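Scroll down for the structure; my scribbles are underneath it.
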2 protein chains.
Amino acid sequence: MPSTSTKTPPTNRFVEQNKTRLLDELKEFLRIPSVSTLPEHKRDVQRAAEFVGNALRKSGMENVEVIQTERHPLVYADWLHAPGKPTVLCYGHYDVQPADPLELWLTPPFEPTVRDGNLYARGSADDKGQMYMHIKAVEALRAVNGTLPLNLKFLIEGEEEIGGVSVAKYVEENAMKLKADVALVSDTNMYAPGLPTLNVGLRGLVYMEVEATGPARDLHSGSYGGAAPNAVFGLIELLAKAKNSDGQIQIPGIYDDIVPPTAEERVSWASLPFSEAEFLKTEVGSTELTGEQKYSVFERTWARPTFEVHGIGGGFTGTGSKTVIPAKAVAKISIRLVPKQIPSKVIAAFHEFVRQNTPKGIQIEVRVLGSGPGLMVDTGHQAIQVAAKAFSDIFNKPTVFTRSGGSIPIVGDFATHLGIPTILMGFGLPDDGLHSPNEKYNIDNYYKGIMTIAHFFEQYGNEDAG
Amino acid sequence: MPSTSTKTPPTNRFVEQNKTRLLDELKEFLRIPSVSTLPEHKRDVQRAAEFVGNALRKSGMENVEVIQTERHPLVYADWLHAPGKPTVLCYGHYDVQPADPLELWLTPPFEPTVRDGNLYARGSADDKGQMYMHIKAVEALRAVNGTLPLNLKFLIEGEEEIGGVSVAKYVEENAMKLKADVALVSDTNMYAPGLPTLNVGLRGLVYMEVEATGPARDLHSGSYGGAAPNAVFGLIELLAKAKNSDGQIQIPGIYDDIVPPTAEERVSWASLPFSEAEFLKTEVGSTELTGEQKYSVFERTWARPTFEVHGIGGGFTGTGSKTVIPAKAVAKISIRLVPKQIPSKVIAAFHEFVRQNTPKGIQIEVRVLGSGPGLMVDTGHQAIQVAAKAFSDIFNKPTVFTRSGGSIPIVGDFATHLGIPTILMGFGLPDDGLHSPNEKYNIDNYYKGIMTIAHFFEQYGNEDAG
């Protein structure tokens with residue numbers, strides 16, 4: 001994608017002139033602790049939905065609905081007064097990850113704080129700060145032109161961090177209402193600061209809870225140690241077998257359906273500014289990288305499945321010592337999938353792995369908490385090409401195509417039920433600390449993101465008309 | 001040990017006539033939540049010490065002291081007016097294990113409740129109910145005879161469940177004050193209901209906390225999964241290697257110093273009423289027993305070392321799903337030792353095991369929380385022989401000699417610093433649920449325990465004089 005210079009879009013000036021207000025509004029949004037997984041934040045999640053609805057209304061979007069679901073509300077809005085122009089479906093999520101461990105935050109997670117050009121808060125990058133740019137791009141275009149250059153629909157959800165059940169159902173059941181030419185999602189990273197990046201590949205995910213039961217009750221390890229099964233050790237034994245010391249997953253068939261990256265992708269990835277030593281030091285912060293050594297870090301994190309244990313608990317973990325043989329233990333695990341892997345097949349394979357490896361005297365129960373396939377986007381699609389050019393225009397650098405190791409299940413729903421591709425135009429940075437303490441969003445990227453999206457809307461509307 | 005009939009001791013009648021009061025007093029003692037490991041119960045632990053001091057004073061014991069230590073108080077008392085008679089040092093502990101998980105208790109852990117001839121409460125068997133019998137035996141003898149048949153010293157501690165640091169120090173520093181012919185401890189089980197049992201072997205214990213560190217902070221598993229070390233998985237990988245699927249511990253040299261049970265012991269153990277199927281069903285409550293199949297359950301639980309994980313925690317374990325690669329994880333583990341194994345050597349071997357097996361990118365820190373060796377008691381000692389006979393007299397059955405899989409470090413301290421053997425005369429039952437929800441103590445054993453101890457004091461005082 002060659003970089004081309006254009007006349008500075010007038011929406012850029014609008015953003016420049018409204019910087020303080022645009023930041024203050026985002027801060028107000030970030031103060032709402034809309035943690036979707038924690039029942040005690042249910043009302044905050046509702047409040048965040050209403051905030052989004054009001055912001056859409058103020059931006060000039062129409063038919064705003066806050067749609068109640070079985071869990072957290074969806075927010076819909078549209079503006080459909082550009083006949084003959086394409087329609088973009090803007091998607092984002094207003095829910096956030098839990099903030100724990102709280103003690104590691106330098107400033108409170110729900111009190112947005114500016115430091116060194118960044119805005120620190122849970123959800124600042126993932127995804128409140130990014131989805132809010134779409135709304136502000138609408139506002140900018142209407143302020144500058146009095147109208148919009150194309151048709152827009154918004155669908156914003158509050159369950160992205162917990163599996164997105166309601167939005168998936170809604171997309172399936174409302175395909176006509178949501179019909180568009182392309183979807184736009186800003187929930188990914190730029191590959192590096194200042195480097196416009198479109199993500200064209202996503203990993204899928206199977207998220208499960210695995211519970212082990214040993215003895216009927218906690219037992220004294222003096223009296224029973226040596227003869228009674230231990231639920232914690234049983235779970236440890238089982239999970240340790242899921243991956244060998246070279247990082248290879250030991251679940252049978254897990255690598256069957258994998259399509260390796262194309263030669264073109266490998267060349268492109270090799271050209272990205274990347275230092276393994278720097279990645280280890282500044283991003284991972286450990287002594288050594290892990291995983292399958294025969295694959296590059298890009299391939300390992302973008303194009304290979306993973307097995308991770310996200311959390312484990314069981315037995316006595318308080319202060320001091322207690323000599324129990326625990327009766328119960330539970331772990332949260334996930335398997336990341338790459339394009340062409342089928343979630344149901346992977347779930348079945350994991351069940352089979354559990355069946356084959358459950359230690360003696362241990363009962364294992366597996367609960368699937370969510371799943372979605374990996375995906376590739378066609379880089380030849382017109383909207384992707386226009387988006388890449390708009391991105392280049394604002395950042396004044398050629399746009400690169402990368403993949404992401406994370407999962408955005410909605411992209412699969414859009415493909416399946418609406419038959420449309422998704423532009424993954426993200427403005428996050430690799431060190432934003434998504435899902436971690438001290439999550440932040442680069443403030444300059446927030447402003448440039450609004451400019452880029454407004455510019456993309458304008459160019460896509462014009463291009464299609466021309 | 002042949003069963004011999006004797007005239008019913010008058011102390012039996014005293015117990016029979018005071019049953020209600022003796023039970024009410026124990027209930028009062030059990031209502032104090034003296035959980036030594038939890039800082040929030042520090043004052044309750046102090047209250048329990050004072051309760052013991054008062055009970056000793058009321059029983060006629062003299063020179064009662066509640067001795068403050070760095071953590072929880074010791075209680076000392078003596079009665080030394082039987083010149084020429086032997087001296088018995090009575091030991092017990094008034095501290096208890098934490099009661100969690102609370103939701104599994106049928107009645108509150110600190111509201112003692114009678115059901116089916118048992119008294120349900122945390123500490124009822126371990127060890128408040130048992131140590132209190134010693135005091136009541138003194139009271140019974142003085143009520144019946146106006147005096148005591150031998151010299152007695154009491155040393156009761158409040159840190160048994162957390163490693164017994166203060167009592168160990170006190171015994172070492174006060175050997176002259178505590179000098180006795182034999183120690184008496186009631187903190188073990190009878191092999192079966194109605195079967196008088198002396199424990200002559202104890203396992204030792206090394207209790208450790210193992211902490212794993214992976215990345216510098218929790219990471220998003222989408223972005224970093226496949227390349228970043230995971231502290232929970234690293235800890236799982238390490239600990240799973242400590243024992244193979246046949247229950248054999250893989251710590252180098254762990255089996256080096258083990259002395260197998262004598263042929264005589266094996267014959268005796270084989271004669272005990274034991275059904276593996278019944279043990280599995282009613283005590284363990286799982287589908288299968290585990291551990292080294294080539295050894296009997298007795299040998300596995302009494303005469304073989306163990307490796308157990310008592311608890312593990314790390315990453316996200318709340319409701320729902322969170323896709324982190326955790327930075328930290330911690331486990332509580334122990335290794336039970338058999339006689340002749342040296343704790344310091346086992347600790348060094350575990351460090352070496354950790355050094356050899358720490359996964360890539362993971363840092364492991366090991367903290368030793370407590371340790372003590374295993375022990376054997378000489379069954380030929382006169383006091384042991386008298387105790388066995390007294391036990392037989394009251395229960396009207398020959399006394400059996402068994403071992404215990406648990407640890408009573410104080411027995412080692414008595415051997416080392418006072419040069420005396422310890423009689424482990426316990427009245428608990430195998431299904432008492434020590435350290436578990438719904439701990440109970442058989443009320444009939446409580447009464448018969450008081451009778452047995454009083455009878456032992458009388459017989460040991462007479463025997464020695466005769």
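Please note that chains go A, B, ... in the order of the structure tokens, that every chain numbers its residues from 1, and that ligands are numbered from 1 in the order shown.
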Excluding region 28-33 of chain B and residues on its chain fewer than 6 positions from it, collect all residues at most 8 Å away from it, counting only C-alpha atoms, and give them as JSON, numbers by chain. {"B": [41, 44, 45, 47, 48, 51, 96, 110, 111, 112, 121, 122, 123, 124, 128]}
Among region 42-200 of chain B, which residues does DSSP mark as strand (DSSP E or B) when it is run on the backbone? Keep the chain and numbering as in the structure and answer as a VMD selection string. chain B and resid 62 to 67 74 to 79 87 to 93 96 113 to 115 118 to 120 151 to 157 182 to 185 189 192 195 197 to 200
Kindly save the residues from that selection, with C-alpha atoms included, as a compact mmCIF listing (two decimals), in the first residue's frame.
```
# COMPACT_ATOMS: atom_id res chain seq x y z
CA GLU B 62 -0.11 -25.90 90.68
CA ASN B 63 2.29 -23.22 89.46
CA VAL B 64 0.06 -22.48 86.47
CA GLU B 65 1.67 -20.07 84.01
CA VAL B 66 0.32 -18.61 80.77
CA ILE B 67 3.62 -17.92 79.05
CA LEU B 74 2.16 -21.70 76.16
CA VAL B 75 0.45 -22.96 79.30
CA TYR B 76 2.53 -24.71 81.98
CA ALA B 77 1.47 -26.31 85.27
CA ASP B 78 2.83 -28.96 87.61
CA TRP B 79 2.05 -31.07 90.70
CA THR B 87 6.90 -37.88 86.48
CA VAL B 88 4.71 -37.66 83.39
CA LEU B 89 4.82 -34.64 81.10
CA CYS B 90 1.39 -34.09 79.54
CA TYR B 91 1.41 -32.28 76.24
CA GLY B 92 -1.44 -31.08 74.05
CA HIS B 93 -2.49 -28.11 71.94
CA VAL B 96 -7.11 -25.48 65.82
CA THR B 113 -23.33 -29.80 68.44
CA VAL B 114 -24.16 -33.34 69.53
CA ARG B 115 -25.37 -35.73 66.82
CA ASN B 118 -20.54 -37.42 68.52
CA LEU B 119 -19.62 -33.86 69.35
CA TYR B 120 -19.20 -31.81 66.15
CA ASN B 151 4.19 -36.32 89.59
CA LEU B 152 2.70 -34.40 86.67
CA LYS B 153 3.78 -31.56 84.46
CA PHE B 154 1.59 -29.98 81.75
CA LEU B 155 2.84 -28.13 78.71
CA ILE B 156 0.06 -27.02 76.36
CA GLU B 157 0.76 -25.01 73.24
CA VAL B 182 7.87 -39.98 79.87
CA ALA B 183 5.64 -37.66 77.89
CA LEU B 184 1.96 -38.35 77.27
CA VAL B 185 0.26 -37.02 74.15
CA ASN B 189 -6.48 -42.00 66.55
CA ALA B 192 -10.83 -48.63 64.96
CA LEU B 195 -9.71 -50.89 69.66
CA THR B 197 -4.18 -48.28 70.03
CA LEU B 198 -0.77 -46.85 70.83
CA ASN B 199 1.00 -45.06 68.03
CA VAL B 200 4.69 -45.90 68.01
```
Region 100-264 of chain A: which residues are alpha helix (DSSP H) by DSSP, as a PyMOL selection string? chain A and resi 128-145+165-173+175-178+221-224+231-240+263-264
What's the 8 Å shell around Gly370 (chain B), counting only C-alpha atoms, without same-chain residues fewer than 6 positions away, as a list of chain:residue names?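 The residues satisfying every condition are B:Ile162, B:Gly163, B:Leu205, B:Val206, B:Tyr207, B:Met208.
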Could you turn the residues from that selection into a file that holds C-alpha atoms, as a PDB file, in the first residue's frame?
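Output below, filename selection_2.pdb:
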```
ATOM      1  CA  ILE B 162       1.350 -23.727  62.411  1.00  0.00           C
ATOM      2  CA  GLY B 163       4.623 -25.510  63.121  1.00  0.00           C
ATOM      3  CA  LEU B 205       7.017 -33.073  57.617  1.00  0.00           C
ATOM      4  CA  VAL B 206       8.620 -30.430  55.458  1.00  0.00           C
ATOM      5  CA  TYR B 207       6.052 -27.744  54.560  1.00  0.00           C
ATOM      6  CA  MET B 208       6.912 -25.271  51.831  1.00  0.00           C
TER       7      MET B 208
END
```
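Note that CA of Asn145 (chain B) and CA of Lys397 (chain B) are 26.7 Å apart.
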Neighbours of Lys345 (chain B) within 10 Å (only C-alpha atoms; same-chain residues fewer than 4 positions away dropped), as a list in words? Gly253, Ile254, Gln341, Ala349, Phe350 and His351 of chain B
Keeping only N, CA and C atoms, take the residues you just selected and write them out as an mmCIF file, in the first residue's frame.
```cif
data_model
loop_
_atom_site.group_PDB
_atom_site.id
_atom_site.type_symbol
_atom_site.label_atom_id
_atom_site.label_comp_id
_atom_site.auth_asym_id
_atom_site.auth_seq_id
_atom_site.Cartn_x
_atom_site.Cartn_y
_atom_site.Cartn_z
ATOM 1 N N GLY B 253 16.888 -38.749 45.411
ATOM 2 C CA GLY B 253 17.360 -39.184 46.731
ATOM 3 C C GLY B 253 16.284 -39.270 47.795
ATOM 4 N N ILE B 254 15.027 -39.020 47.417
ATOM 5 C CA ILE B 254 13.965 -38.940 48.427
ATOM 6 C C ILE B 254 13.767 -40.268 49.162
ATOM 7 N N GLN B 341 14.745 -40.223 57.844
ATOM 8 C CA GLN B 341 14.913 -39.156 56.838
ATOM 9 C C GLN B 341 15.233 -37.856 57.565
ATOM 10 N N ALA B 349 17.231 -31.463 48.732
ATOM 11 C CA ALA B 349 16.878 -32.264 47.545
ATOM 12 C C ALA B 349 15.746 -31.602 46.768
ATOM 13 N N PHE B 350 14.802 -31.009 47.492
ATOM 14 C CA PHE B 350 13.700 -30.329 46.792
ATOM 15 C C PHE B 350 14.223 -29.107 46.043
ATOM 16 N N HIS B 351 15.115 -28.367 46.668
ATOM 17 C CA HIS B 351 15.731 -27.226 45.967
ATOM 18 C C HIS B 351 16.420 -27.694 44.684
#
```
Quick one: pull the distance between CA of Asn244 (chain B) and CA of Thr282 (chain B), Å, one decimal.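 Straight-line distance from CA of Asn244 (chain B) to CA of Thr282 (chain B) works out to 26.4 Å.
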Pick out the residues sitting within 9 Å of Gly234 (chain A), and hand them over as a ChimeraX atom specification; count only C-alpha atoms, and ignore anything fewer than 5 positions along from it in its own chain. /A:212-214,229,239,329,358-363 /B:240
Near Ala125 (chain B), within 8 Å and counting only C-alpha atoms, which residues show up once chain neighbours fewer than 2 positions away are dropped, as number ranges by chain? B: 122-123, 127-130, 187, 428, 432, 434, 439-441
Chain B proximity check over A:Glu159, A:Glu237, A:Asp444, A:Glu40, using only C-alpha atoms: winner is A:Glu237
